[in-house]
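Peer 1: First the structure, which I've put down as structure tokens, then a few questions once you've had a look.
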Amino acid sequence: MKNDKKVVITYGTFDLFHKGHYNILKRAKDLGDYLIVGVTGENYDMERGKLSVRDSLAKRIENVSETGFADKIIVEEYLGQKIQDILQYHVDVLVVGSDWTGKFDHMRKYCEVVYLERTKDISSTQLRETAGDILSLGIVTDDILDDDMVLESKYVSGVHVEAAYSDNAELIAEFTEKFELDQGYTDYDAFLDKVDIVYVKCRKEKKYGLIKKALERDKIVMSSPITGRNEEEVTTLYQIAAEEKKMLIECVPTFYLQAFLQLLWNAKGNLIGDLLYIENEIRLGSLTGIRKEDLPAHLYFSILIAMKIIGADADFRLNRIEREGGDTFALLTGQNESGIYISKISDSKKASAGLTIRGTKGTIHVPDDWWNIGYFELHDAEQDTVKRYSCNFDGNGLRYVLVSVLDRVKMQHYTDLRLLKEESVGAIKEIERIMKDEK
């Protein structure tokens, strides 16, 4: 490599190589004279939370090489390697996708950093032609937030966020520009024509109609939890999904985390003996108190957790304390033959936000923010030992839901085993009863 050449470097997984990959390599090469491409190794992909990578490392390197743009191809194997590569190869420009804007500004002390916008006007149909079986995903929204779905999808091979829908033309224009999506729609039918998967995140009063129509149009539907709807409507949605042989996925990421599945197996597999009680605390993100209209969302998650561990036949009760100028506190309790469940919901900064499952032979404990579980401890009281379990957890958990969806599409299995219809409907029924008592 000659010192007078302008050296550019970029990195990526380059799985299921497609037009978007080709374009970013071409544009990176145009920024200099010599292009180095770092292809992520398998171990590093797993470490950084990249899921369901389909092509082998050799195949991904071959695809990059065949473009003719790379003067040198290296393998990115660990976090922090970029700095070493930049110094070793005397790099002048680091090229990163615009979805990471700002995240690599600290590298400017070593070289210039350029964020490239993603390739627009590339549909899932075009991606299928070059990369195989890729599903398109569209977001239904009524605000400028995407729940991090766009970023989370980039860690999952086989899905492409392509479009968004809102009945507000000004909002959808801003949304598609912000997240660099190919198309924005105010016509719901036209939107449904373009996507395979619909992610519905909007106000509760809109959800039922939007989900129902998407299912009737044979779409896979992912939704933020269906709270605020009545038992009859939720039952209807699941029935339509079953009849149409389509998936209705309520996105409760906790249930899709490997550590949570391991925890359930430990709790229900007699490793801590017979269950005695479960206690958890949920610390709210804001300190504005627990408004009555927000209670269903908090109760829904708490009741589902109880159903997962002690069963659906628990008798639930709610108590609330509100103090002017002070913390708000809600206590949900449930009890059946399997054990006692206690869930505390608080806006206090002092809330521990942990989870404890106690049995006759031991205890399972998860530290703060247990709903994002990646680690827990099993205390065996009889043996006086502590066993620690650790699994990868990255992002906000939506990537794990997406992987589950793609796996079931591949297997043509339409039932969501992580959150059953009976659990969702049962939780809604309990919430209706509790809220009626609150009036």
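We label chains A, B, ... in the order they appear in the structure tokens, count residues from 1 in each chain, and number ligands from 1 in the order shown.
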Please provide as a ChimeraX atom specification all residues within 10 Å of Trp100 (chain A), with the sequence filter that same-chain residues fewer than 3 positions apart are discarded (counting only C-alpha atoms).
Peer 2: /A:96-97,103-105,115-117,151
Peer 1: Excluding region 362-373 of chain A and any residue of its chain fewer than 6 positions from it, enumerate the residues within 6 Å of it, using only C-alpha atoms, and give them as JSON, numbers by chain.
Peer 2: {"A": [254, 272, 353, 354, 355, 356, 379, 380, 381]}
Peer 1: If you keep N, CA and C atoms, can you produce a file of those selected residues as a short mmCIF file (atom, residue, chain, number, x, y, z; two decimals), in the first residue's frame?
Peer 2:
```cif
data_model
loop_
_atom_site.label_atom_id
_atom_site.label_comp_id
_atom_site.auth_asym_id
_atom_site.auth_seq_id
_atom_site.Cartn_x
_atom_site.Cartn_y
_atom_site.Cartn_z
N THR A 254 -39.28 -9.98 26.75
CA THR A 254 -38.80 -10.81 27.85
C THR A 254 -39.02 -12.30 27.57
N ILE A 272 -35.52 -25.82 42.38
CA ILE A 272 -35.57 -25.11 43.66
C ILE A 272 -36.70 -25.65 44.53
N ALA A 353 -36.23 -3.10 41.47
CA ALA A 353 -36.47 -3.65 40.14
C ALA A 353 -35.85 -5.03 39.95
N GLY A 354 -35.89 -5.85 40.98
CA GLY A 354 -35.37 -7.20 40.89
C GLY A 354 -36.48 -8.24 40.84
N LEU A 355 -36.10 -9.50 40.66
CA LEU A 355 -37.04 -10.62 40.62
C LEU A 355 -36.48 -11.74 41.48
N THR A 356 -37.31 -12.27 42.38
CA THR A 356 -36.92 -13.38 43.24
C THR A 356 -37.97 -14.47 43.16
N HIS A 379 -29.66 -20.18 43.81
CA HIS A 379 -29.09 -20.49 45.12
C HIS A 379 -29.70 -21.82 45.60
N ASP A 380 -28.88 -22.82 45.73
CA ASP A 380 -29.32 -24.12 46.22
C ASP A 380 -29.12 -24.14 47.74
N ALA A 381 -30.24 -24.07 48.48
CA ALA A 381 -30.16 -23.99 49.94
C ALA A 381 -29.64 -25.28 50.55
#
```
Peer 1: Using only C-alpha atoms for the distances, tell me which of A:Ile342, A:Leu318, A:Val386, A:Ala242 is nearest to Lys421 (chain A).
Peer 2: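 Checking each candidate against Lys421 (chain A), we get A:Ala242 as the closest.
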Peer 1: Run DSSP on the backbone of this structure and report the residues of region 202-428 of chain A it assigns to strand (DSSP E or B), as a PyMOL selection string.
Peer 2: chain A and resi 220-223+248-250+275-283+315-322+328-336+339-346+355-359+362-366+375-380+385-390
Peer 1: Which residues, written as a ChimeraX atom specification, have at least one atom at most 10 Å from Tyr34 (chain A), with only C-alpha atoms counted and residues fewer than 3 positions away on the same chain left out?
Peer 2: /A:1-2,5-9,28-31,69-72,91-92
Peer 1: Selection from above, C-alpha atoms, as a PDB file, in the first residue's frame, can you write it?
Peer 2:
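What landed in out-v7.pdb:
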```pdb
ATOM      1  CA  MET A   1       0.000   0.000   0.000  1.00  0.00           C
ATOM      2  CA  LYS A   2       1.469   3.336  -1.019  1.00  0.00           C
ATOM      3  CA  LYS A   5      -3.118   6.725  -1.518  1.00  0.00           C
ATOM      4  CA  LYS A   6      -6.259   7.735   0.360  1.00  0.00           C
ATOM      5  CA  VAL A   7      -7.245   4.662   2.389  1.00  0.00           C
ATOM      6  CA  VAL A   8     -10.904   3.980   3.199  1.00  0.00           C
ATOM      7  CA  ILE A   9     -12.200   1.244   5.496  1.00  0.00           C
ATOM      8  CA  ALA A  28     -17.063   3.761   0.014  1.00  0.00           C
ATOM      9  CA  LYS A  29     -14.587   3.026  -2.779  1.00  0.00           C
ATOM     10  CA  ASP A  30     -15.473   6.348  -4.438  1.00  0.00           C
ATOM     11  CA  LEU A  31     -14.327   8.171  -1.283  1.00  0.00           C
ATOM     12  CA  PHE A  69     -14.410  -2.843  -4.993  1.00  0.00           C
ATOM     13  CA  ALA A  70     -12.317  -4.238  -2.125  1.00  0.00           C
ATOM     14  CA  ASP A  71      -8.548  -3.908  -2.429  1.00  0.00           C
ATOM     15  CA  LYS A  72      -8.125  -5.786   0.836  1.00  0.00           C
ATOM     16  CA  VAL A  91      -6.679   4.621   7.297  1.00  0.00           C
ATOM     17  CA  ASP A  92      -7.865   8.075   6.263  1.00  0.00           C
TER      18      ASP A  92
END
```
Peer 1: Using only C-alpha atoms, can you tell me which of A:Asp416, A:Asp99, A:Asp15, A:Asp147 comes closest to Val221 (chain A)?
Peer 2: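 Residue with the minimum atom-to-atom distance to Val221 (chain A): A:Asp416.
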Peer 1: Which residues are close to Glu205 (chain A), i.e. within 12 Å by only C-alpha atoms, leaving aside same-chain residues fewer than 4 positions away? Reply as an MDAnalysis selection string.
Peer 2: chainID A and resid 142 201 209:211 226:230 233
Peer 1: When DSSP works through the backbone of this structure, what residues of region 11-214 of chain A end up as helix (DSSP H, G or I), shown as a JSON list (two decimals) with N, CA and C atoms, in the first residue's frame?
Peer 2:
```json
[["chain", "number", "residue", "atom", "x", "y", "z"],
["A", 19, "LYS", "N", -28.26, -5.63, -3.13],
["A", 19, "LYS", "CA", -27.97, -4.36, -3.78],
["A", 19, "LYS", "C", -27.51, -3.29, -2.78],
["A", 20, "GLY", "N", -28.12, -3.28, -1.59],
["A", 20, "GLY", "CA", -27.72, -2.30, -0.59],
["A", 20, "GLY", "C", -26.27, -2.45, -0.19],
["A", 21, "HIS", "N", -25.81, -3.71, -0.02],
["A", 21, "HIS", "CA", -24.40, -3.96, 0.29],
["A", 21, "HIS", "C", -23.50, -3.49, -0.85],
["A", 22, "TYR", "N", -23.91, -3.83, -2.07],
["A", 22, "TYR", "CA", -23.14, -3.46, -3.25],
["A", 22, "TYR", "C", -22.96, -1.94, -3.32],
["A", 23, "ASN", "N", -24.05, -1.22, -3.08],
["A", 23, "ASN", "CA", -24.01, 0.23, -3.20],
["A", 23, "ASN", "C", -23.12, 0.88, -2.15],
["A", 24, "ILE", "N", -23.18, 0.38, -0.92],
["A", 24, "ILE", "CA", -22.36, 1.00, 0.12],
["A", 24, "ILE", "C", -20.87, 0.74, -0.14],
["A", 25, "LEU", "N", -20.53, -0.42, -0.69],
["A", 25, "LEU", "CA", -19.13, -0.69, -1.04],
["A", 25, "LEU", "C", -18.67, 0.20, -2.18],
["A", 26, "LYS", "N", -19.55, 0.39, -3.16],
["A", 26, "LYS", "CA", -19.22, 1.25, -4.30],
["A", 26, "LYS", "C", -19.01, 2.69, -3.85],
["A", 27, "ARG", "N", -19.90, 3.17, -2.99],
["A", 27, "ARG", "CA", -19.80, 4.55, -2.52],
["A", 27, "ARG", "C", -18.58, 4.72, -1.60],
["A", 28, "ALA", "N", -18.26, 3.69, -0.83],
["A", 28, "ALA", "CA", -17.06, 3.76, 0.01],
["A", 28, "ALA", "C", -15.81, 3.83, -0.84],
["A", 29, "LYS", "N", -15.76, 3.03, -1.89],
["A", 29, "LYS", "CA", -14.59, 3.03, -2.78],
["A", 29, "LYS", "C", -14.41, 4.39, -3.46],
["A", 42, "GLU", "N", -17.74, -15.06, 12.73],
["A", 42, "GLU", "CA", -18.91, -15.67, 13.37],
["A", 42, "GLU", "C", -18.98, -15.40, 14.86],
["A", 43, "ASN", "N", -17.86, -15.53, 15.55],
["A", 43, "ASN", "CA", -17.87, -15.31, 17.00],
["A", 43, "ASN", "C", -18.20, -13.87, 17.35],
["A", 44, "TYR", "N", -17.66, -12.95, 16.56],
["A", 44, "TYR", "CA", -17.93, -11.54, 16.84],
["A", 44, "TYR", "C", -19.38, -11.20, 16.54],
["A", 45, "ASP", "N", -19.97, -11.81, 15.51],
["A", 45, "ASP", "CA", -21.39, -11.59, 15.22],
["A", 45, "ASP", "C", -22.24, -11.98, 16.41],
["A", 46, "MET", "N", -21.93, -13.12, 17.00],
["A", 46, "MET", "CA", -22.71, -13.57, 18.16],
["A", 46, "MET", "C", -22.48, -12.64, 19.35],
["A", 47, "GLU", "N", -21.23, -12.20, 19.52],
["A", 47, "GLU", "CA", -20.90, -11.34, 20.65],
["A", 47, "GLU", "C", -21.63, -10.02, 20.57],
["A", 57, "LEU", "N", -18.79, -17.44, 6.76],
["A", 57, "LEU", "CA", -17.81, -16.37, 6.63],
["A", 57, "LEU", "C", -17.14, -16.43, 5.26],
["A", 58, "ALA", "N", -16.80, -17.62, 4.81],
["A", 58, "ALA", "CA", -16.15, -17.77, 3.51],
["A", 58, "ALA", "C", -17.03, -17.25, 2.38],
["A", 59, "LYS", "N", -18.34, -17.55, 2.46],
["A", 59, "LYS", "CA", -19.28, -17.09, 1.43],
["A", 59, "LYS", "C", -19.42, -15.58, 1.45],
["A", 60, "ARG", "N", -19.44, -15.00, 2.64],
["A", 60, "ARG", "CA", -19.60, -13.55, 2.75],
["A", 60, "ARG", "C", -18.36, -12.83, 2.23],
["A", 61, "ILE", "N", -17.20, -13.39, 2.50],
["A", 61, "ILE", "CA", -15.96, -12.80, 1.97],
["A", 61, "ILE", "C", -15.94, -12.92, 0.45],
["A", 62, "GLU", "N", -16.38, -14.05, -0.06],
["A", 62, "GLU", "CA", -16.42, -14.27, -1.51],
["A", 62, "GLU", "C", -17.34, -13.25, -2.19],
["A", 63, "ASN", "N", -18.50, -13.00, -1.59],
["A", 63, "ASN", "CA", -19.45, -12.05, -2.18],
["A", 63, "ASN", "C", -18.88, -10.64, -2.22],
["A", 64, "VAL", "N", -18.18, -10.24, -1.15],
["A", 64, "VAL", "CA", -17.54, -8.92, -1.14],
["A", 64, "VAL", "C", -16.46, -8.86, -2.20],
["A", 65, "SER", "N", -15.67, -9.90, -2.30],
["A", 65, "SER", "CA", -14.57, -9.94, -3.28],
["A", 65, "SER", "C", -15.08, -9.83, -4.72],
["A", 66, "GLU", "N", -16.21, -10.49, -4.99],
["A", 66, "GLU", "CA", -16.74, -10.51, -6.36],
["A", 66, "GLU", "C", -17.21, -9.15, -6.84],
["A", 81, "GLN", "N", -11.45, -3.68, 17.58],
["A", 81, "GLN", "CA", -10.49, -3.96, 16.51],
["A", 81, "GLN", "C", -10.38, -2.80, 15.53],
["A", 82, "LYS", "N", -11.45, -2.01, 15.39],
["A", 82, "LYS", "CA", -11.45, -0.93, 14.40],
["A", 82, "LYS", "C", -10.29, 0.04, 14.63],
["A", 83, "ILE", "N", -10.03, 0.38, 15.89],
["A", 83, "ILE", "CA", -8.95, 1.33, 16.17],
["A", 83, "ILE", "C", -7.61, 0.75, 15.74],
["A", 84, "GLN", "N", -7.40, -0.52, 16.07],
["A", 84, "GLN", "CA", -6.14, -1.17, 15.68],
["A", 84, "GLN", "C", -6.00, -1.21, 14.17],
["A", 85, "ASP", "N", -7.08, -1.53, 13.47],
["A", 85, "ASP", "CA", -7.03, -1.60, 12.00],
["A", 85, "ASP", "C", -6.71, -0.23, 11.40],
["A", 86, "ILE", "N", -7.34, 0.81, 11.94],
["A", 86, "ILE", "CA", -7.13, 2.16, 11.41],
["A", 86, "ILE", "C", -5.67, 2.58, 11.56],
["A", 87, "LEU", "N", -5.10, 2.24, 12.71],
["A", 87, "LEU", "CA", -3.68, 2.58, 12.93],
["A", 87, "LEU", "C", -2.76, 1.72, 12.09],
["A", 88, "GLN", "N", -3.06, 0.43, 12.02],
["A", 88, "GLN", "CA", -2.18, -0.50, 11.30],
["A", 88, "GLN", "C", -2.14, -0.22, 9.80],
["A", 98, "SER", "N", -25.57, 5.29, 8.02],
["A", 98, "SER", "CA", -26.14, 6.45, 8.71],
["A", 98, "SER", "C", -27.02, 6.07, 9.89],
["A", 99, "ASP", "N", -27.45, 4.79, 9.98],
["A", 99, "ASP", "CA", -28.22, 4.37, 11.15],
["A", 99, "ASP", "C", -27.36, 4.39, 12.41],
["A", 100, "TRP", "N", -26.05, 4.52, 12.23],
["A", 100, "TRP", "CA", -25.13, 4.62, 13.37],
["A", 100, "TRP", "C", -24.63, 6.05, 13.58],
["A", 105, "ASP", "N", -18.44, 8.87, 16.39],
["A", 105, "ASP", "CA", -17.77, 10.18, 16.38],
["A", 105, "ASP", "C", -16.46, 10.15, 17.16],
["A", 106, "HIS", "N", -16.36, 9.25, 18.15],
["A", 106, "HIS", "CA", -15.13, 9.16, 18.94],
["A", 106, "HIS", "C", -13.95, 8.69, 18.11],
["A", 107, "MET", "N", -14.23, 8.13, 16.92],
["A", 107, "MET", "CA", -13.14, 7.66, 16.05],
["A", 107, "MET", "C", -12.50, 8.79, 15.25],
["A", 108, "ARG", "N", -13.09, 9.98, 15.34],
["A", 108, "ARG", "CA", -12.56, 11.11, 14.56],
["A", 108, "ARG", "C", -11.16, 11.51, 15.01],
["A", 109, "LYS", "N", -10.75, 11.09, 16.20],
["A", 109, "LYS", "CA", -9.39, 11.38, 16.65],
["A", 109, "LYS", "C", -8.36, 10.55, 15.89],
["A", 124, "SER", "N", -38.25, -5.41, -1.05],
["A", 124, "SER", "CA", -37.98, -6.79, -0.64],
["A", 124, "SER", "C", -37.97, -7.72, -1.85],
["A", 125, "THR", "N", -38.74, -7.36, -2.87],
["A", 125, "THR", "CA", -38.74, -8.18, -4.10],
["A", 125, "THR", "C", -37.37, -8.17, -4.75],
["A", 126, "GLN", "N", -36.76, -6.98, -4.82],
["A", 126, "GLN", "CA", -35.41, -6.88, -5.38],
["A", 126, "GLN", "C", -34.41, -7.63, -4.52],
["A", 127, "LEU", "N", -34.58, -7.54, -3.20],
["A", 127, "LEU", "CA", -33.67, -8.24, -2.30],
["A", 127, "LEU", "C", -33.79, -9.74, -2.47],
["A", 128, "ARG", "N", -35.02, -10.24, -2.65],
["A", 128, "ARG", "CA", -35.22, -11.68, -2.84],
["A", 128, "ARG", "C", -34.51, -12.16, -4.10],
["A", 129, "GLU", "N", -34.51, -11.32, -5.13],
["A", 129, "GLU", "CA", -33.89, -11.71, -6.39],
["A", 129, "GLU", "C", -32.39, -11.90, -6.26],
["A", 130, "THR", "N", -31.78, -11.12, -5.35],
["A", 130, "THR", "CA", -30.33, -11.20, -5.21],
["A", 130, "THR", "C", -29.88, -11.95, -3.97],
["A", 131, "ALA", "N", -30.72, -11.94, -2.91],
["A", 131, "ALA", "CA", -30.27, -12.50, -1.64],
["A", 131, "ALA", "C", -31.09, -13.68, -1.15],
["A", 149, "MET", "N", -37.30, -0.48, 16.18],
["A", 149, "MET", "CA", -37.47, -1.61, 15.26],
["A", 149, "MET", "C", -36.51, -1.54, 14.08],
["A", 150, "VAL", "N", -36.29, -0.35, 13.55],
["A", 150, "VAL", "CA", -35.39, -0.22, 12.38],
["A", 150, "VAL", "C", -33.99, -0.67, 12.74],
["A", 151, "LEU", "N", -33.47, -0.20, 13.87],
["A", 151, "LEU", "CA", -32.13, -0.58, 14.29],
["A", 151, "LEU", "C", -32.07, -2.06, 14.67],
["A", 152, "GLU", "N", -33.06, -2.54, 15.42],
["A", 152, "GLU", "CA", -33.06, -3.94, 15.85],
["A", 152, "GLU", "C", -33.10, -4.89, 14.65],
["A", 153, "SER", "N", -33.82, -4.53, 13.60],
["A", 153, "SER", "CA", -33.93, -5.40, 12.43],
["A", 153, "SER", "C", -32.61, -5.57, 11.71],
["A", 169, "ALA", "N", -50.36, 12.57, 7.18],
["A", 169, "ALA", "CA", -49.41, 12.70, 6.07],
["A", 169, "ALA", "C", -48.13, 13.40, 6.50],
["A", 170, "GLU", "N", -48.25, 14.44, 7.31],
["A", 170, "GLU", "CA", -47.06, 15.18, 7.75],
["A", 170, "GLU", "C", -46.18, 14.29, 8.63],
["A", 171, "LEU", "N", -46.80, 13.52, 9.52],
["A", 171, "LEU", "CA", -46.05, 12.64, 10.40],
["A", 171, "LEU", "C", -45.32, 11.56, 9.61],
["A", 172, "ILE", "N", -46.00, 10.92, 8.67],
["A", 172, "ILE", "CA", -45.38, 9.81, 7.96],
["A", 172, "ILE", "C", -44.23, 10.29, 7.08],
["A", 173, "ALA", "N", -44.33, 11.51, 6.58],
["A", 173, "ALA", "CA", -43.22, 12.06, 5.80],
["A", 173, "ALA", "C", -42.00, 12.27, 6.69],
["A", 174, "GLU", "N", -42.22, 12.78, 7.89],
["A", 174, "GLU", "CA", -41.13, 12.99, 8.84],
["A", 174, "GLU", "C", -40.56, 11.65, 9.31],
["A", 175, "PHE", "N", -41.44, 10.68, 9.54],
["A", 175, "PHE", "CA", -41.02, 9.37, 10.02],
["A", 175, "PHE", "C", -40.13, 8.66, 9.00],
["A", 176, "THR", "N", -40.56, 8.62, 7.75],
["A", 176, "THR", "CA", -39.79, 7.92, 6.72],
["A", 176, "THR", "C", -38.45, 8.61, 6.46],
["A", 177, "GLU", "N", -38.43, 9.91, 6.57],
["A", 177, "GLU", "CA", -37.16, 10.63, 6.39],
["A", 177, "GLU", "C", -36.21, 10.34, 7.55],
["A", 178, "LYS", "N", -36.74, 10.36, 8.76],
["A", 178, "LYS", "CA", -35.91, 10.14, 9.95],
["A", 178, "LYS", "C", -35.27, 8.77, 9.93],
["A", 188, "TYR", "N", -53.84, 2.65, 3.89],
["A", 188, "TYR", "CA", -53.48, 1.41, 4.58],
["A", 188, "TYR", "C", -53.46, 0.21, 3.63],
["A", 189, "ASP", "N", -54.39, 0.16, 2.69],
["A", 189, "ASP", "CA", -54.42, -0.95, 1.73],
["A", 189, "ASP", "C", -53.16, -0.95, 0.86],
["A", 190, "ALA", "N", -52.75, 0.23, 0.40],
["A", 190, "ALA", "CA", -51.53, 0.31, -0.41],
["A", 190, "ALA", "C", -50.31, -0.10, 0.41],
["A", 191, "PHE", "N", -50.29, 0.29, 1.66],
["A", 191, "PHE", "CA", -49.20, -0.11, 2.57],
["A", 191, "PHE", "C", -49.15, -1.63, 2.71],
["A", 192, "LEU", "N", -50.31, -2.26, 2.93],
["A", 192, "LEU", "CA", -50.35, -3.71, 3.11],
["A", 192, "LEU", "C", -49.92, -4.45, 1.85],
["A", 193, "ASP", "N", -50.14, -3.83, 0.70],
["A", 193, "ASP", "CA", -49.72, -4.46, -0.57],
["A", 193, "ASP", "C", -48.20, -4.63, -0.64],
["A", 194, "LYS", "N", -47.47, -3.81, 0.11],
["A", 194, "LYS", "CA", -46.02, -3.73, -0.03],
["A", 194, "LYS", "C", -45.24, -4.54, 1.01],
["A", 204, "LYS", "N", -54.12, 2.56, 21.57],
["A", 204, "LYS", "CA", -54.92, 1.35, 21.76],
["A", 204, "LYS", "C", -56.24, 1.39, 21.01],
["A", 205, "GLU", "N", -56.83, 2.56, 20.85],
["A", 205, "GLU", "CA", -58.13, 2.64, 20.19],
["A", 205, "GLU", "C", -58.04, 2.34, 18.69],
["A", 206, "LYS", "N", -56.85, 2.44, 18.12],
["A", 206, "LYS", "CA", -56.67, 2.16, 16.69],
["A", 206, "LYS", "C", -56.25, 0.72, 16.42],
["A", 207, "LYS", "N", -55.69, 0.06, 17.41],
["A", 207, "LYS", "CA", -55.02, -1.22, 17.18],
["A", 207, "LYS", "C", -55.93, -2.30, 16.61],
["A", 208, "TYR", "N", -57.11, -2.44, 17.20],
["A", 208, "TYR", "CA", -57.98, -3.55, 16.83],
["A", 208, "TYR", "C", -58.27, -3.56, 15.33],
["A", 209, "GLY", "N", -58.72, -2.44, 14.79],
["A", 209, "GLY", "CA", -59.06, -2.37, 13.37],
["A", 209, "GLY", "C", -57.87, -2.60, 12.46],
["A", 210, "LEU", "N", -56.73, -2.03, 12.83],
["A", 210, "LEU", "CA", -55.52, -2.17, 12.00],
["A", 210, "LEU", "C", -55.00, -3.61, 12.02],
["A", 211, "ILE", "N", -54.98, -4.22, 13.19],
["A", 211, "ILE", "CA", -54.52, -5.61, 13.29],
["A", 211, "ILE", "C", -55.48, -6.53, 12.54],
["A", 212, "LYS", "N", -56.75, -6.33, 12.75],
["A", 212, "LYS", "CA", -57.77, -7.18, 12.12],
["A", 212, "LYS", "C", -57.65, -7.16, 10.60],
["A", 213, "LYS", "N", -57.52, -5.97, 10.04],
["A", 213, "LYS", "CA", -57.43, -5.86, 8.58],
["A", 213, "LYS", "C", -56.14, -6.49, 8.05],
["A", 214, "ALA", "N", -55.05, -6.31, 8.77],
["A", 214, "ALA", "CA", -53.79, -6.90, 8.33],
["A", 214, "ALA", "C", -53.86, -8.42, 8.34]]
```
Peer 1: So which residues touch Pro253 (chain A) within 9 Å, counting only C-alpha atoms, skipping near sequence neighbours fewer than 6 positions away, as JSON, numbers by chain?
Peer 2: {"A": [371, 372, 396, 397, 398, 399, 400, 401]}
Peer 1: Go ahead and dump the residues you just picked, C-alpha atoms, as a PDB file, in the first residue's frame.
Peer 2:
```pdb
ATOM      1  CA  TRP A 371     -37.366  -7.904  32.254  1.00  0.00           C
ATOM      2  CA  ASN A 372     -34.185  -7.437  30.184  1.00  0.00           C
ATOM      3  CA  ASN A 396     -34.241  -3.761  23.512  1.00  0.00           C
ATOM      4  CA  GLY A 397     -35.104  -7.402  22.769  1.00  0.00           C
ATOM      5  CA  LEU A 398     -37.098  -6.926  19.550  1.00  0.00           C
ATOM      6  CA  ARG A 399     -34.386  -8.679  17.520  1.00  0.00           C
ATOM      7  CA  TYR A 400     -35.134 -11.896  19.428  1.00  0.00           C
ATOM      8  CA  VAL A 401     -38.836 -11.587  18.622  1.00  0.00           C
TER       9      VAL A 401
END
```
Peer 1: Which polymer residues have any atom within 12 Å of an atom of Glu243 (chain A), counting only C-alpha atoms, with same-chain residues fewer than 2 positions away left out, as a PyMOL selection string?
Peer 2: chain A and resi 215-216+218+236-241+245-248+414-415
